[in-house]
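For reference, coords-v8.cif (mmCIF, C-alpha atoms):
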```
data_structure
#
loop_
_atom_site.label_atom_id
_atom_site.label_comp_id
_atom_site.auth_asym_id
_atom_site.auth_seq_id
_atom_site.Cartn_x
_atom_site.Cartn_y
_atom_site.Cartn_z
CA MET A 1 0.00 0.00 0.00
CA THR A 2 1.33 3.45 -0.85
CA ILE A 3 0.15 6.86 0.29
CA GLU A 4 0.39 10.32 -1.21
CA ILE A 5 2.53 12.80 0.67
CA ASP A 6 3.15 16.50 0.13
CA ASP A 7 6.20 18.73 0.57
CA THR A 8 5.43 19.32 4.25
CA ASP A 9 5.35 15.56 4.88
CA ARG A 10 8.64 15.23 3.04
CA ALA A 11 10.19 17.94 5.22
CA ILE A 12 8.95 16.12 8.34
CA LEU A 13 10.44 12.84 7.08
CA ARG A 14 13.75 14.54 6.34
CA ALA A 15 13.88 15.99 9.85
CA LEU A 16 12.96 12.73 11.59
CA SER A 17 15.30 10.59 9.50
CA ARG A 18 18.11 12.81 10.75
CA ASP A 19 16.94 13.13 14.35
CA ALA A 20 14.03 11.07 15.62
CA SER A 21 14.21 12.68 19.06
CA LEU A 22 12.74 15.94 17.71
CA SER A 23 9.27 16.65 19.11
CA ALA A 24 6.28 17.55 16.95
CA GLY A 25 6.52 21.08 18.38
CA GLN A 26 10.18 21.47 17.39
CA ILE A 27 9.58 20.24 13.86
CA GLY A 28 6.42 22.33 13.52
CA ARG A 29 8.28 25.51 14.51
CA ARG A 30 10.84 24.92 11.75
CA LEU A 31 8.10 24.42 9.18
CA GLY A 32 5.73 27.13 10.39
CA LEU A 33 3.17 24.52 11.41
CA SER A 34 1.30 24.17 14.70
CA GLN A 35 2.29 21.38 17.10
CA PRO A 36 -1.08 19.55 16.73
CA ALA A 37 -0.96 19.77 12.91
CA THR A 38 2.59 18.40 12.88
CA TRP A 39 1.67 15.68 15.35
CA ARG A 40 -1.27 14.59 13.17
CA ARG A 41 0.98 14.36 10.12
CA ILE A 42 3.60 12.31 11.99
CA LYS A 43 0.84 10.02 13.29
CA ARG A 44 -0.47 9.51 9.74
CA LEU A 45 3.02 8.74 8.42
CA ARG A 46 3.54 6.20 11.20
CA GLU A 47 0.14 4.58 10.74
CA ALA A 48 0.66 4.28 6.99
CA GLY A 49 3.97 2.56 7.69
CA VAL A 50 6.06 5.24 5.96
CA ILE A 51 7.94 5.64 9.24
CA SER A 52 8.53 2.00 9.96
CA GLY A 53 10.46 2.41 13.18
CA THR A 54 13.18 4.19 15.05
CA ARG A 55 16.81 3.20 15.13
CA LEU A 56 19.20 3.91 17.97
CA LEU A 57 22.52 5.25 16.72
CA LEU A 58 25.50 3.88 18.59
CA ASP A 59 29.19 4.45 18.01
CA ARG A 60 30.38 1.01 16.88
CA GLU A 61 34.05 1.69 17.37
CA LYS A 62 33.59 3.01 20.90
CA LEU A 63 31.68 -0.15 21.73
CA GLY A 64 34.58 -2.23 20.48
CA PHE A 65 33.22 -3.27 17.09
CA GLY A 66 36.09 -2.23 14.85
CA VAL A 67 35.08 -4.21 11.79
CA THR A 68 31.94 -4.32 9.66
CA VAL A 69 31.83 -6.77 6.76
CA PHE A 70 29.36 -7.24 3.92
CA LEU A 71 29.26 -10.91 3.14
CA GLY A 72 27.71 -12.37 0.00
CA ILE A 73 26.65 -16.00 0.38
CA LYS A 74 25.71 -18.47 -2.27
CA LEU A 75 23.75 -21.49 -1.19
CA ALA A 76 25.51 -24.70 -2.18
CA THR A 77 22.55 -26.99 -2.05
CA LYS A 78 19.61 -25.04 -3.34
CA GLY A 79 16.43 -27.04 -3.41
CA ARG A 80 17.64 -29.64 -0.98
CA ILE A 81 17.91 -27.30 1.93
CA SER A 82 14.95 -25.08 2.59
CA LEU A 83 15.54 -21.35 2.51
CA GLU A 84 13.62 -21.09 5.77
CA ASP A 85 16.16 -23.27 7.57
CA PHE A 86 19.02 -21.15 6.35
CA GLU A 87 17.23 -17.91 7.18
CA ARG A 88 16.26 -19.05 10.66
CA ALA A 89 19.80 -20.12 11.47
CA VAL A 90 21.52 -17.05 10.07
CA THR A 91 19.10 -14.63 11.75
CA ALA A 92 19.93 -16.12 15.15
CA ILE A 93 23.63 -15.19 14.92
CA PRO A 94 24.13 -12.09 17.11
CA GLU A 95 26.96 -10.67 15.00
CA VAL A 96 24.75 -10.74 11.90
CA GLN A 97 23.02 -7.35 11.78
CA THR A 98 21.10 -7.65 8.54
CA VAL A 99 20.12 -10.45 6.21
CA GLU A 100 18.86 -9.68 2.74
CA HIS A 101 17.64 -12.12 0.15
CA ILE A 102 18.94 -10.93 -3.22
CA LEU A 103 18.96 -11.88 -6.87
CA GLY A 104 22.18 -11.83 -8.82
CA LEU A 105 25.67 -12.98 -8.00
CA TYR A 106 24.69 -14.17 -4.51
CA ASP A 107 21.62 -15.45 -2.75
CA TYR A 108 22.00 -13.55 0.51
CA ARG A 109 23.83 -10.52 1.72
CA LEU A 110 24.76 -10.31 5.38
CA ARG A 111 26.07 -7.39 7.33
CA ILE A 112 28.33 -8.64 10.10
CA VAL A 113 30.02 -6.76 12.95
CA ALA A 114 33.10 -8.06 14.74
CA ARG A 115 35.66 -6.78 17.21
CA ASP A 116 38.52 -7.08 14.69
CA LEU A 117 39.54 -9.18 11.69
CA SER A 118 40.47 -12.25 13.73
CA ASP A 119 37.12 -12.04 15.51
CA PHE A 120 35.46 -11.83 12.10
CA GLU A 121 37.35 -14.91 10.98
CA ARG A 122 36.06 -16.75 14.03
CA VAL A 123 32.45 -15.74 13.22
CA LEU A 124 32.94 -16.76 9.60
CA ARG A 125 34.43 -20.18 10.35
CA ARG A 126 32.37 -21.20 13.36
CA ARG A 127 29.03 -19.61 12.61
CA ILE A 128 28.64 -18.79 8.92
CA MET A 129 30.44 -21.63 7.15
CA THR A 130 28.59 -24.13 9.36
CA LEU A 131 25.15 -22.82 8.33
CA PRO A 132 22.91 -25.34 6.58
CA GLY A 133 23.48 -24.97 2.84
CA ALA A 134 26.15 -22.26 3.00
CA GLY A 135 28.38 -22.36 -0.07
CA GLN A 136 30.69 -19.84 -1.63
CA VAL A 137 31.17 -16.55 0.22
CA GLU A 138 32.61 -13.16 -0.69
CA ALA A 139 33.67 -10.72 2.01
CA ASN A 140 34.08 -6.99 1.65
CA VAL A 141 35.29 -5.01 4.67
CA VAL A 142 33.51 -1.68 5.09
CA LEU A 143 35.88 1.30 5.08
CA SER A 144 33.28 4.06 5.18
CA GLU A 145 29.55 4.32 5.17
CA GLU A 146 27.03 7.08 4.67
CA ARG A 147 23.26 7.16 4.64
CA LEU A 148 21.52 9.74 2.51
CA PRO A 149 18.05 11.22 2.98
CA GLY A 150 16.74 9.73 -0.28
CA PRO A 151 14.23 11.27 -2.70
CA LEU A 152 12.46 13.55 -0.24
CA GLY A 153 12.51 16.64 -2.40
CA MET B 1 34.31 1.78 30.25
CA LEU B 2 30.90 0.18 30.07
CA ASP B 3 29.72 -2.26 32.68
CA ASP B 4 27.00 -4.89 32.47
CA THR B 5 24.31 -2.41 33.53
CA ASP B 6 25.23 -0.04 30.67
CA ARG B 7 25.14 -2.92 28.25
CA ARG B 8 21.74 -3.97 29.56
CA ILE B 9 20.47 -0.42 28.94
CA LEU B 10 21.85 -0.42 25.39
CA ARG B 11 20.30 -3.81 24.64
CA GLN B 12 16.88 -2.65 25.83
CA MET B 13 17.18 0.64 23.95
CA GLN B 14 18.21 -1.06 20.74
CA ALA B 15 15.21 -3.39 21.02
CA ALA B 16 12.75 -0.53 21.63
CA PRO B 17 14.20 2.94 20.86
CA ASP B 18 10.80 4.65 21.20
CA LEU B 19 10.15 3.43 24.73
CA PRO B 20 9.60 6.19 27.35
CA LEU B 21 12.39 6.42 29.93
CA SER B 22 10.17 5.15 32.75
CA ASP B 23 9.34 1.94 30.84
CA LEU B 24 12.94 1.54 29.78
CA ALA B 25 14.05 1.85 33.42
CA GLN B 26 11.62 -0.87 34.39
CA ARG B 27 12.87 -3.21 31.64
CA ALA B 28 16.49 -2.59 32.60
CA ASP B 29 15.58 -3.08 36.27
CA LEU B 30 16.82 0.39 37.27
CA THR B 31 15.35 3.51 38.83
CA PRO B 32 14.58 6.26 36.28
CA ALA B 33 17.19 8.48 37.97
CA THR B 34 19.95 5.87 37.62
CA LEU B 35 18.96 5.22 34.03
CA SER B 36 19.03 8.94 33.14
CA ARG B 37 22.42 9.38 34.75
CA ARG B 38 23.97 6.43 32.92
CA LEU B 39 22.36 7.40 29.65
CA GLU B 40 23.64 10.95 29.98
CA ARG B 41 27.15 9.62 30.59
CA MET B 42 26.99 7.41 27.48
CA ARG B 43 25.73 10.38 25.44
CA GLU B 44 28.58 12.56 26.66
CA ALA B 45 31.08 9.82 25.83
CA GLY B 46 29.66 9.74 22.29
CA ILE B 47 28.56 6.11 22.61
CA VAL B 48 24.88 6.94 22.18
CA LYS B 49 24.73 9.30 19.22
CA GLY B 50 20.98 9.71 18.82
CA LYS B 51 18.06 8.17 16.98
CA ARG B 52 16.79 8.31 13.46
CA ALA B 53 13.44 7.39 11.95
CA GLU B 54 13.47 4.55 9.44
CA ILE B 55 11.63 5.28 6.22
CA HIS B 56 9.87 2.39 4.51
CA TRP B 57 10.33 3.35 0.86
CA PRO B 58 7.83 0.87 -0.63
CA SER B 59 5.07 2.75 1.26
CA LEU B 60 6.01 5.83 -0.75
CA GLY B 61 5.85 3.96 -4.04
CA TYR B 62 9.53 2.96 -4.29
CA ALA B 63 9.00 -0.75 -4.88
CA VAL B 64 12.45 -1.57 -6.25
CA GLU B 65 15.77 -1.63 -4.39
CA VAL B 66 19.01 -2.47 -6.14
CA SER B 67 22.54 -2.86 -4.83
CA LEU B 68 25.08 -1.60 -7.31
CA ARG B 69 28.56 -2.97 -6.72
CA LEU B 70 31.22 -0.96 -8.44
CA THR B 71 34.90 -1.07 -9.06
CA LEU B 72 36.50 2.25 -9.88
CA ASP B 73 39.35 3.17 -12.18
CA LYS B 74 42.03 3.57 -9.53
CA THR B 75 44.58 4.87 -12.01
CA GLN B 76 42.67 8.13 -11.52
CA SER B 77 44.02 9.65 -8.31
CA ARG B 78 40.73 11.34 -7.44
CA ALA B 79 38.54 8.40 -8.46
CA PHE B 80 36.94 7.90 -5.03
CA GLU B 81 36.43 11.57 -4.20
CA ASP B 82 34.94 12.42 -7.61
CA PHE B 83 32.75 9.35 -7.69
CA LEU B 84 31.39 9.79 -4.15
CA ALA B 85 30.72 13.50 -4.60
CA ALA B 86 28.73 12.80 -7.78
CA ALA B 87 26.87 9.78 -6.31
CA ARG B 88 25.66 11.90 -3.36
CA GLN B 89 23.86 14.14 -5.86
CA VAL B 90 21.60 11.31 -7.08
CA PRO B 91 18.43 11.51 -4.92
CA GLU B 92 17.59 7.82 -5.35
CA VAL B 93 20.91 6.74 -3.81
CA ILE B 94 20.13 6.07 -0.14
CA GLU B 95 23.34 4.39 1.06
CA ILE B 96 26.99 4.48 0.06
CA GLN B 97 29.65 2.12 1.42
CA THR B 98 33.28 1.94 0.42
CA PHE B 99 35.12 -1.36 0.84
CA LEU B 100 38.38 -3.16 1.11
CA GLY B 101 37.82 -6.26 -1.00
CA GLN B 102 36.78 -7.32 -4.48
CA VAL B 103 34.40 -4.39 -4.72
CA ASP B 104 35.27 -0.72 -4.16
CA VAL B 105 31.88 0.86 -3.60
CA ARG B 106 28.30 -0.17 -3.06
CA LEU B 107 25.32 2.07 -3.75
CA ALA B 108 21.84 1.24 -2.50
CA VAL B 109 19.45 2.65 -5.07
CA ILE B 110 15.66 2.83 -4.89
CA ALA B 111 13.22 3.27 -7.77
CA ARG B 112 9.47 3.23 -8.35
CA ASP B 113 9.59 0.27 -10.73
CA ILE B 114 11.94 -1.42 -13.17
CA PRO B 115 11.53 1.13 -16.01
CA HIS B 116 12.21 3.92 -13.49
CA TYR B 117 15.28 2.03 -12.28
CA GLN B 118 16.48 1.61 -15.87
CA GLN B 119 16.14 5.33 -16.40
CA ILE B 120 18.10 6.21 -13.23
CA TYR B 121 20.71 3.58 -14.08
CA ARG B 122 21.32 4.89 -17.60
CA GLU B 123 20.99 8.60 -17.00
CA ARG B 124 22.35 9.12 -13.50
CA LEU B 125 24.42 6.11 -12.43
CA LEU B 126 26.34 4.89 -15.48
CA THR B 127 27.32 8.51 -16.05
CA LEU B 128 29.07 8.73 -12.65
CA PRO B 129 32.82 9.33 -13.03
CA HIS B 130 35.62 6.73 -13.02
CA ILE B 131 33.51 3.55 -13.12
CA ALA B 132 35.56 0.54 -14.25
CA ASP B 133 32.98 -2.17 -13.65
CA VAL B 134 29.49 -2.44 -12.24
CA GLU B 135 27.12 -5.22 -11.31
CA ALA B 136 23.61 -5.07 -9.94
CA LEU B 137 21.91 -7.18 -7.30
CA MET B 138 18.15 -6.95 -6.88
CA HIS B 139 16.68 -7.03 -3.38
CA VAL B 140 14.01 -9.65 -2.90
CA ALA B 141 13.36 -9.48 0.83
CA ARG B 142 14.78 -8.26 4.10
CA ILE B 143 14.96 -11.15 6.52
CA LYS B 144 16.65 -9.34 9.39
CA ASP B 145 17.04 -5.60 9.59
CA ASP B 146 17.48 -4.47 13.18
CA GLU B 147 21.18 -3.59 12.83
CA ALA B 148 21.50 -4.15 16.55
CA LEU B 149 25.01 -4.46 17.97
CA PRO B 150 25.61 -7.53 20.13
CA VAL B 151 26.63 -5.47 23.18
#
```

So, in terms of structure tokens, how does the structure I just supplied come out?
Amino acid sequence: MTIEIDDTDRAILRALSRDASLSAGQIGRRLGLSQPATWRRIKRLREAGVISGTRLLLDREKLGFGVTVFLGIKLATKGRISLEDFERAVTAIPEVQTVEHILGLYDYRLRIVARDLSDFERVLRRRIMTLPGAGQVEANVVLSEERLPGPLG
Amino acid sequence: MLDDTDRRILRQMQAAPDLPLSDLAQRADLTPATLSRRLERMREAGIVKGKRAEIHWPSLGYAVEVSLRLTLDKTQSRAFEDFLAAARQVPEVIEIQTFLGQVDVRLAVIARDIPHYQQIYRERLLTLPHIADVEALMHVARIKDDEALPV
């Protein structure tokens, strides 16, 4: 389901995707909108699922996670092993932050955090390579990352 | 350094970032005053950097998400800088990562549908500077997306 949004909604989304701790009043003041009007718009965007959630931003390095790796995985035994089994097992690994099913060179892309490269190797050998159906993998270590606001006008 | 109580707070906050402080205190088995004090300390230390709202692009009509994996022409000394500066100008690019590995850069690109993607790909992405090779992966489904750190 998709909904129509206007420029004011887009401005609200831009503000919240940068800082979700802003109140409706604070955002409204920036946009020349009353607090109740802003609040109603935010409520609508949430209810329509446009704002799907809030994410806490933590400093990975300060928490000791020095390495982030994007790992492409090809399933070795497609058909024989059910995708659900693989997905259930991979989702349960704490170091695996995201799992995406993709079409192309690989079947899945994982985002993995580790303390350092030797810790990553441990996760790869003990947890990933032992997954049901896991075949060929390709690892790319993240050097930098940025998130952009997207097409919000 | 963080102790087990701090880690407990971070785990609860990662699981439910919208929770009011009083509820969070209850879940972390702390008084609201203790929670606020510890949280403030982690903010000051730069460990907790803030919160951002997640936008669900399909709800806005962007049904297609593609990962573009690129290698750049590294004989050009400014290949990365030029490429990244130009890629940031494409509104449909929502994430950029640079890598050490087989691939140099990944762009996450959203589009309304396949023809729209084709148009962005031809007009805005293939025209980015210093591309040596590019391959596209189409997103089918997100299985896990919390990006929580195992603190």

Write out as a PDB file with C-alpha atoms, keeping the file's coordinate frame the residues lying within 10 Å of region 144-149 of chain B, counting all atoms listed in the file and excluding same-chain residues fewer than 5 positions away.
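Wrote it out as result-v3.pdb, contents follow:
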```pdb
ATOM      1  CA  GLY A  53      10.460   2.410  13.180  1.00  0.00           C
ATOM      2  CA  THR A  54      13.180   4.190  15.050  1.00  0.00           C
ATOM      3  CA  ARG A  55      16.810   3.200  15.130  1.00  0.00           C
ATOM      4  CA  LEU A  56      19.200   3.910  17.970  1.00  0.00           C
ATOM      5  CA  LEU A  57      22.520   5.250  16.720  1.00  0.00           C
ATOM      6  CA  LEU A  58      25.500   3.880  18.590  1.00  0.00           C
ATOM      7  CA  ASP A  59      29.190   4.450  18.010  1.00  0.00           C
ATOM      8  CA  ARG A  60      30.380   1.010  16.880  1.00  0.00           C
ATOM      9  CA  LEU A  63      31.680  -0.150  21.730  1.00  0.00           C
ATOM     10  CA  PHE A  65      33.220  -3.270  17.090  1.00  0.00           C
ATOM     11  CA  GLU A  87      17.230 -17.910   7.180  1.00  0.00           C
ATOM     12  CA  ARG A  88      16.260 -19.050  10.660  1.00  0.00           C
ATOM     13  CA  VAL A  90      21.520 -17.050  10.070  1.00  0.00           C
ATOM     14  CA  THR A  91      19.100 -14.630  11.750  1.00  0.00           C
ATOM     15  CA  ALA A  92      19.930 -16.120  15.150  1.00  0.00           C
ATOM     16  CA  PRO A  94      24.130 -12.090  17.110  1.00  0.00           C
ATOM     17  CA  GLU A  95      26.960 -10.670  15.000  1.00  0.00           C
ATOM     18  CA  VAL A  96      24.750 -10.740  11.900  1.00  0.00           C
ATOM     19  CA  GLN A  97      23.020  -7.350  11.780  1.00  0.00           C
ATOM     20  CA  THR A  98      21.100  -7.650   8.540  1.00  0.00           C
ATOM     21  CA  VAL A  99      20.120 -10.450   6.210  1.00  0.00           C
ATOM     22  CA  GLU A 100      18.860  -9.680   2.740  1.00  0.00           C
ATOM     23  CA  HIS A 101      17.640 -12.120   0.150  1.00  0.00           C
ATOM     24  CA  LEU A 110      24.760 -10.310   5.380  1.00  0.00           C
ATOM     25  CA  ARG A 111      26.070  -7.390   7.330  1.00  0.00           C
ATOM     26  CA  ILE A 112      28.330  -8.640  10.100  1.00  0.00           C
ATOM     27  CA  VAL A 113      30.020  -6.760  12.950  1.00  0.00           C
ATOM     28  CA  ALA A 114      33.100  -8.060  14.740  1.00  0.00           C
TER      29      ALA A 114
ATOM     30  CA  LEU B  10      21.850  -0.420  25.390  1.00  0.00           C
ATOM     31  CA  ARG B  11      20.300  -3.810  24.640  1.00  0.00           C
ATOM     32  CA  MET B  13      17.180   0.640  23.950  1.00  0.00           C
ATOM     33  CA  GLN B  14      18.210  -1.060  20.740  1.00  0.00           C
ATOM     34  CA  ALA B  15      15.210  -3.390  21.020  1.00  0.00           C
TER      35      ALA B  15
END
```

Check your understanding: What is the CA of Leu33 (chain A) to CA of Lys51 (chain B) distance in Å?
Key -> 22.8 Å

Exercise for review: Run the PyMOL selection byres ((chain B) within 6 of (chain A)) mentally over the shown coordinates, then write out the matched residues as a ChimeraX atom specification, using the chain letters and numbers from the document.
Suggested key: /B:14,17,47-56,59-61,91-92,94-101,137-145,147-148,150

Exercise for review: Carefully work through the PyMOL selection byres ((chain B and resi 70) around 12) for this structure and note down the residues it includes, as a count of residues only.
Suggested key: 36

Residue contacts of region 24-37 of chain B (7 Å, only C-alpha atoms) excluding same-chain residues fewer than 6 positions away, as a CSV table (one decimal) with C-alpha atoms, in the frame of the given file:
```csv
chain,number,residue,atom,x,y,z
B,8,ARG,CA,21.7,-4.0,29.6
B,9,ILE,CA,20.5,-0.4,28.9
B,12,GLN,CA,16.9,-2.6,25.8
```

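With only C-alpha atoms as the atoms that count, the residue of B:Glu44, B:Asp23, B:Asp82, B:Asp113 with the shortest distance to Val66 (chain B) is B:Asp113.
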